[in-house]
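Content type CSV, C-alpha atoms, from the file protein-v5.csv:
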chain,number,residue,atom,x,y,z
A,1,MET,CA,18.4,34.8,75.1
A,2,LYS,CA,17.1,31.8,77.0
A,3,ARG,CA,17.8,31.7,80.7
A,4,LYS,CA,19.2,28.5,82.1
A,5,GLN,CA,18.5,29.2,85.7
A,6,LYS,CA,15.5,27.6,87.2
A,7,ILE,CA,14.0,27.5,90.7
A,8,THR,CA,13.1,24.0,91.7
A,9,TYR,CA,11.2,22.8,94.7
A,10,CYS,CA,13.1,19.9,96.3
A,11,GLN,CA,10.2,18.0,97.8
A,12,ASP,CA,10.8,15.3,100.4
A,13,TYR,CA,8.8,13.8,103.2
A,14,ARG,CA,9.4,16.7,105.5
A,15,ARG,CA,8.1,19.4,103.2
A,16,ASP,CA,4.6,20.3,102.0
A,17,LYS,CA,3.5,19.6,98.5
A,18,ARG,CA,3.7,22.7,96.2
A,19,LYS,CA,2.6,23.1,92.7
A,20,ASP,CA,4.0,26.5,91.8
A,21,TYR,CA,7.6,25.2,91.0
A,22,PRO,CA,8.8,22.2,89.0
A,23,LYS,CA,9.8,19.3,91.1
A,24,GLY,CA,12.9,18.1,89.2
A,25,PHE,CA,15.6,19.1,86.8
A,26,ASP,CA,18.2,17.6,84.5
A,27,PHE,CA,21.9,18.6,84.8
A,28,LEU,CA,24.9,17.1,83.0
A,29,GLY,CA,23.0,13.9,82.1
A,30,HIS,CA,21.6,13.4,85.6
A,31,SER,CA,18.0,13.8,86.6
A,32,PHE,CA,17.4,15.2,90.1
A,33,LYS,CA,13.9,14.6,91.4
A,34,PRO,CA,11.9,13.2,94.3
A,35,MET,CA,12.4,9.5,94.7
A,36,SER,CA,11.3,6.7,97.0
A,37,ARG,CA,14.2,5.7,99.3
A,38,ALA,CA,14.7,2.9,101.8
A,39,SER,CA,14.8,4.1,105.4
A,40,LYS,CA,18.0,3.2,107.3
A,41,ARG,CA,16.4,3.3,110.7
A,42,GLU,CA,13.1,1.6,110.0
A,43,SER,CA,12.0,-1.1,107.5
A,44,GLY,CA,9.8,1.4,105.5
A,45,ARG,CA,10.4,3.8,102.7
A,46,PHE,CA,10.3,7.6,102.5
A,47,LEU,CA,10.2,10.3,99.8
A,48,GLY,CA,13.6,12.0,99.3
A,49,PHE,CA,15.3,14.0,96.7
A,50,GLY,CA,17.7,11.9,94.6
A,51,CYS,CA,19.7,11.6,91.4
A,52,GLU,CA,19.7,9.1,88.6
A,53,ILE,CA,20.7,9.0,84.9
A,54,SER,CA,18.3,11.2,82.8
A,55,MET,CA,16.0,9.8,80.2
A,56,LYS,CA,17.8,11.9,77.5
A,57,ALA,CA,21.2,10.5,78.4
A,58,ARG,CA,19.8,6.9,78.5
A,59,THR,CA,18.2,7.3,75.1
A,60,ARG,CA,21.5,8.7,73.7
A,61,ILE,CA,23.5,5.8,75.0
A,62,ILE,CA,21.0,3.2,73.6
A,63,GLU,CA,21.1,5.0,70.2
A,64,GLU,CA,24.9,4.7,70.2
A,65,TRP,CA,24.6,1.0,70.9
A,66,LYS,CA,22.2,0.7,68.0
A,67,GLN,CA,24.5,2.6,65.7
A,68,MET,CA,27.4,0.2,66.6
A,69,LYS,CA,25.3,-2.6,65.0
A,70,PHE,CA,27.3,-5.2,66.8
A,71,HIS,CA,24.4,-7.6,66.8
A,72,ARG,CA,25.1,-8.1,63.1
A,73,GLU,CA,28.8,-8.8,63.6
A,74,SER,CA,28.5,-12.6,63.7
A,75,THR,CA,32.3,-12.9,63.0
A,76,LEU,CA,33.2,-11.5,66.4
A,77,THR,CA,33.9,-13.8,69.3
A,78,LEU,CA,32.3,-13.2,72.7
A,79,GLN,CA,35.7,-12.0,74.0
A,80,ASN,CA,36.0,-9.5,71.2
A,81,LEU,CA,32.5,-8.3,71.8
A,82,ALA,CA,33.2,-7.9,75.5
A,83,GLU,CA,36.3,-5.9,74.8
A,84,MET,CA,34.4,-3.6,72.4
A,85,LEU,CA,31.5,-3.0,74.8
A,86,ASN,CA,33.6,-2.8,78.1
A,87,VAL,CA,35.2,0.5,76.9
A,88,LYS,CA,31.8,2.2,76.8
A,89,SER,CA,30.4,0.4,79.9
A,90,ARG,CA,33.4,1.5,81.9
A,91,TRP,CA,32.8,5.1,81.0
A,92,ILE,CA,29.0,4.8,81.8
A,93,ILE,CA,29.7,3.2,85.2
A,94,ASN,CA,32.4,5.7,86.2
A,95,TYR,CA,30.3,8.7,85.2
A,96,TYR,CA,26.7,7.8,86.0
A,97,GLY,CA,27.3,5.1,88.6
A,98,LYS,CA,29.0,7.5,91.1
A,99,MET,CA,25.6,8.8,92.2
A,100,ASN,CA,23.3,5.8,91.9
A,101,ILE,CA,24.5,2.5,90.4
A,102,LEU,CA,21.1,0.9,90.7
A,103,SER,CA,19.6,3.5,88.3
A,104,LEU,CA,21.7,1.9,85.5
A,105,GLU,CA,19.9,-1.4,85.8
A,106,LYS,CA,17.4,-0.6,83.1
A,107,LEU,CA,20.1,0.6,80.8
A,108,PHE,CA,22.2,-2.5,81.2
A,109,ARG,CA,19.2,-4.7,80.8
A,110,HIS,CA,18.9,-3.2,77.4
A,111,LEU,CA,22.5,-3.9,76.7
A,112,ASP,CA,22.0,-7.5,77.7
A,113,TYR,CA,19.1,-7.7,75.3
A,114,ARG,CA,21.3,-6.5,72.5
A,115,ILE,CA,24.0,-9.0,73.4
A,116,ALA,CA,21.4,-11.8,73.4
A,117,LYS,CA,20.4,-10.5,69.9
A,118,TRP,CA,24.0,-11.0,68.9
A,119,VAL,CA,24.1,-14.5,70.4
A,120,LYS,CA,20.9,-15.4,68.4
A,121,ASN,CA,22.5,-14.2,65.2
A,122,LYS,CA,25.8,-15.9,65.9
A,123,PHE,CA,24.4,-19.2,66.9
A,124,LYS,CA,21.5,-19.9,64.6
A,125,LYS,CA,20.8,-23.2,66.2
A,126,LEU,CA,19.5,-21.4,69.3
A,127,GLY,CA,16.6,-20.1,67.2
A,128,SER,CA,14.8,-17.9,69.7
A,129,TYR,CA,15.7,-14.9,71.9
A,130,LEU,CA,14.7,-16.9,75.0
A,131,LYS,CA,17.2,-19.7,74.2
A,132,ALA,CA,19.9,-17.1,73.5
A,133,ASN,CA,19.1,-15.3,76.8
A,134,ASP,CA,19.4,-18.6,78.6
A,135,TRP,CA,22.7,-19.3,77.0
A,136,LEU,CA,23.9,-15.9,77.9
A,137,ARG,CA,22.8,-16.4,81.5
A,138,ASP,CA,24.8,-19.6,81.6
A,139,ILE,CA,27.9,-17.7,80.4
A,140,LYS,CA,27.2,-15.0,83.0
A,141,SER,CA,27.3,-17.6,85.8
A,142,LYS,CA,30.5,-19.1,84.6
A,143,TYR,CA,32.3,-15.8,83.7
A,144,PRO,CA,30.7,-13.0,85.8
A,145,THR,CA,33.4,-10.5,85.0
A,146,LEU,CA,33.4,-11.0,81.2
A,147,PHE,CA,31.3,-7.9,80.6
A,148,MET,CA,32.0,-5.0,83.0
A,149,HIS,CA,28.3,-4.3,83.6
A,150,TRP,CA,27.8,-7.9,84.8
A,151,ALA,CA,30.5,-7.4,87.5
A,152,VAL,CA,29.2,-4.2,89.1
A,153,SER,CA,25.4,-4.7,88.9
A,154,LYS,CA,22.9,-7.1,90.5
A,155,ILE,CA,21.0,-7.6,87.3

So, in terms of structure tokens, how does the structure I just supplied come out?
Amino acid sequence: MKRKQKITYCQDYRRDKRKDYPKGFDFLGHSFKPMSRASKRESGRFLGFGCEISMKARTRIIEEWKQMKFHRESTLTLQNLAEMLNVKSRWIINYYGKMNILSLEKLFRHLDYRIAKWVKNKFKKLGSYLKANDWLRDIKSKYPTLFMHWAVSKI
């Protein structure tokens, strides 16, 4: 039987570096590990023990978006696409955003890429991904709350 208990060394700026224990661990889709943090008292940064979405959970979510194949649904309107994606985005923000909302930036950047791919397939006249991304950026400036991840992040 495999044991699930592990001793982890929580290294931060006050502790010495040790190599006999692992430095991080994953638990319930979160990855706990040493991270660079902004200092509240000074303008510098320090090493602290923090939490973010794990790579395994990030990969699983991206795979779910790929399996949805919404980028091929050119019959959808932007509003329909937003309603479809906001259900999943709300869950992601509520679960993973409680600890560190900034760690979701990379994940939501990937979602924006997939939405731009949909735009490119919907509006063939745009032609390239860059033009589709510019069009999407324009929509984002006009309707910043259309997609839930636009409203909560600084992407």

Atom CA of Asn100 of chain A to atom CA of Ile61 of chain A, straight-line distance in Å: 16.9 Å

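For the residues A:Leu28, A:Ile93, A:Leu104, A:Leu111, ranking by smallest atom-to-atom distance to Lys56 of chain A using only C-alpha atoms places A:Leu28 first.
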
- prompt: So how many Å separate atom CA of Arg37 of chain A and atom CA of Ile101 of chain A, to one decimal?
  reply: 14.0 Å

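With distances restricted to all atoms listed in the file, A:Leu76 is the closest residue to Phe123 of chain A from A:Phe147, A:Glu52, A:Leu76, A:Phe32.
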
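We find atom CA of Arg137 of chain A and atom CA of Gly97 of chain A to be spaced 23.1 Å apart.
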
His149 of chain A: which residues within 10 Å, counting only C-alpha atoms, same-chain residues fewer than 6 positions away excluded, as an mmCIF file with C-alpha atoms, keeping the file's coordinate frame?
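Result file follows (result_7.cif):
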data_model
loop_
_atom_site.group_PDB
_atom_site.id
_atom_site.type_symbol
_atom_site.label_atom_id
_atom_site.label_comp_id
_atom_site.auth_asym_id
_atom_site.auth_seq_id
_atom_site.Cartn_x
_atom_site.Cartn_y
_atom_site.Cartn_z
ATOM 1 C CA LEU A 85 31.500 -3.000 74.800
ATOM 2 C CA ASN A 86 33.600 -2.800 78.100
ATOM 3 C CA SER A 89 30.400 0.400 79.900
ATOM 4 C CA ARG A 90 33.400 1.500 81.900
ATOM 5 C CA ILE A 92 29.000 4.800 81.800
ATOM 6 C CA ILE A 93 29.700 3.200 85.200
ATOM 7 C CA LEU A 104 21.700 1.900 85.500
ATOM 8 C CA GLU A 105 19.900 -1.400 85.800
ATOM 9 C CA LEU A 107 20.100 0.600 80.800
ATOM 10 C CA PHE A 108 22.200 -2.500 81.200
ATOM 11 C CA ARG A 109 19.200 -4.700 80.800
ATOM 12 C CA LEU A 111 22.500 -3.900 76.700
ATOM 13 C CA ASP A 112 22.000 -7.500 77.700
ATOM 14 C CA ILE A 155 21.000 -7.600 87.300
#

message: Restricting the calculation to only C-alpha atoms: of A:Arg41, A:Lys131, A:Arg58, A:Lys69, which residue gets closest to Leu81 of chain A?
response: A:Lys69

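Candidate residues A:Asp26, A:Glu73, A:Glu63, A:Asp138 were compared for distance to Lys122 of chain A, and the nearest is A:Glu73, using all atoms listed in the file.
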
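Of the listed residues A:Thr59, A:Lys88, A:Ser43, A:Leu126, the one whose atoms come nearest to His110 of chain A is A:Thr59, with distances taken using all atoms listed in the file.
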
field: Protein and nucleic acid residues near (25.9, -14.6, 85.1) (cut-off 12 Å, all atoms listed in the file) as a ChimeraX atom specification
entry: /A:112,133-155

Could you take the residues named above and write them with C-alpha atoms, as a tab-separated table (two decimals), in the frame of the given file?
chain	number	residue	atom	x	y	z
A	112	ASP	CA	22.00	-7.50	77.70
A	133	ASN	CA	19.10	-15.30	76.80
A	134	ASP	CA	19.40	-18.60	78.60
A	135	TRP	CA	22.70	-19.30	77.00
A	136	LEU	CA	23.90	-15.90	77.90
A	137	ARG	CA	22.80	-16.40	81.50
A	138	ASP	CA	24.80	-19.60	81.60
A	139	ILE	CA	27.90	-17.70	80.40
A	140	LYS	CA	27.20	-15.00	83.00
A	141	SER	CA	27.30	-17.60	85.80
A	142	LYS	CA	30.50	-19.10	84.60
A	143	TYR	CA	32.30	-15.80	83.70
A	144	PRO	CA	30.70	-13.00	85.80
A	145	THR	CA	33.40	-10.50	85.00
A	146	LEU	CA	33.40	-11.00	81.20
A	147	PHE	CA	31.30	-7.90	80.60
A	148	MET	CA	32.00	-5.00	83.00
A	149	HIS	CA	28.30	-4.30	83.60
A	150	TRP	CA	27.80	-7.90	84.80
A	151	ALA	CA	30.50	-7.40	87.50
A	152	VAL	CA	29.20	-4.20	89.10
A	153	SER	CA	25.40	-4.70	88.90
A	154	LYS	CA	22.90	-7.10	90.50
A	155	ILE	CA	21.00	-7.60	87.30

Would you kindly place N, CA and C atoms on segment 117-132 of chain A and return the model as a PDB file, keeping the file's coordinate frame?
ATOM      1  N   LYS A 117      20.711 -10.645  71.353  1.00  0.00           N
ATOM      2  CA  LYS A 117      20.400 -10.500  69.900  1.00  0.00           C
ATOM      3  C   LYS A 117      21.613 -10.969  69.098  1.00  0.00           C
ATOM      4  N   TRP A 118      22.804 -10.561  69.540  1.00  0.00           N
ATOM      5  CA  TRP A 118      24.000 -11.000  68.900  1.00  0.00           C
ATOM      6  C   TRP A 118      24.204 -12.494  68.965  1.00  0.00           C
ATOM      7  N   VAL A 119      23.962 -13.053  70.140  1.00  0.00           N
ATOM      8  CA  VAL A 119      24.100 -14.500  70.400  1.00  0.00           C
ATOM      9  C   VAL A 119      23.127 -15.239  69.414  1.00  0.00           C
ATOM     10  N   LYS A 120      21.913 -14.739  69.298  1.00  0.00           N
ATOM     11  CA  LYS A 120      20.900 -15.400  68.400  1.00  0.00           C
ATOM     12  C   LYS A 120      21.361 -15.358  66.976  1.00  0.00           C
ATOM     13  N   ASN A 121      21.995 -14.273  66.539  1.00  0.00           N
ATOM     14  CA  ASN A 121      22.500 -14.200  65.200  1.00  0.00           C
ATOM     15  C   ASN A 121      23.764 -14.999  64.955  1.00  0.00           C
ATOM     16  N   LYS A 122      24.574 -15.109  65.976  1.00  0.00           N
ATOM     17  CA  LYS A 122      25.800 -15.900  65.900  1.00  0.00           C
ATOM     18  C   LYS A 122      25.572 -17.361  65.863  1.00  0.00           C
ATOM     19  N   PHE A 123      24.738 -17.818  66.760  1.00  0.00           N
ATOM     20  CA  PHE A 123      24.400 -19.200  66.900  1.00  0.00           C
ATOM     21  C   PHE A 123      23.008 -19.491  66.424  1.00  0.00           C
ATOM     22  N   LYS A 124      22.842 -19.726  65.151  1.00  0.00           N
ATOM     23  CA  LYS A 124      21.500 -19.900  64.600  1.00  0.00           C
ATOM     24  C   LYS A 124      20.730 -21.045  65.142  1.00  0.00           C
ATOM     25  N   LYS A 125      21.462 -22.048  65.647  1.00  0.00           N
ATOM     26  CA  LYS A 125      20.800 -23.200  66.200  1.00  0.00           C
ATOM     27  C   LYS A 125      19.952 -22.914  67.435  1.00  0.00           C
ATOM     28  N   LEU A 126      20.297 -21.803  68.122  1.00  0.00           N
ATOM     29  CA  LEU A 126      19.500 -21.400  69.300  1.00  0.00           C
ATOM     30  C   LEU A 126      18.103 -21.024  68.924  1.00  0.00           C
ATOM     31  N   GLY A 127      17.962 -20.394  67.764  1.00  0.00           N
ATOM     32  CA  GLY A 127      16.600 -20.100  67.200  1.00  0.00           C
ATOM     33  C   GLY A 127      15.872 -18.970  67.794  1.00  0.00           C
ATOM     34  N   SER A 128      15.685 -18.922  69.088  1.00  0.00           N
ATOM     35  CA  SER A 128      14.800 -17.900  69.700  1.00  0.00           C
ATOM     36  C   SER A 128      15.653 -16.998  70.625  1.00  0.00           C
ATOM     37  N   TYR A 129      15.064 -15.857  70.917  1.00  0.00           N
ATOM     38  CA  TYR A 129      15.700 -14.900  71.900  1.00  0.00           C
ATOM     39  C   TYR A 129      15.759 -15.532  73.245  1.00  0.00           C
ATOM     40  N   LEU A 130      14.734 -16.277  73.659  1.00  0.00           N
ATOM     41  CA  LEU A 130      14.700 -16.900  75.000  1.00  0.00           C
ATOM     42  C   LEU A 130      15.853 -17.876  75.177  1.00  0.00           C
ATOM     43  N   LYS A 131      16.108 -18.706  74.161  1.00  0.00           N
ATOM     44  CA  LYS A 131      17.200 -19.700  74.200  1.00  0.00           C
ATOM     45  C   LYS A 131      18.553 -18.935  74.256  1.00  0.00           C
ATOM     46  N   ALA A 132      18.645 -17.857  73.469  1.00  0.00           N
ATOM     47  CA  ALA A 132      19.900 -17.100  73.500  1.00  0.00           C
ATOM     48  C   ALA A 132      20.097 -16.402  74.814  1.00  0.00           C
TER      49      ALA A 132
END
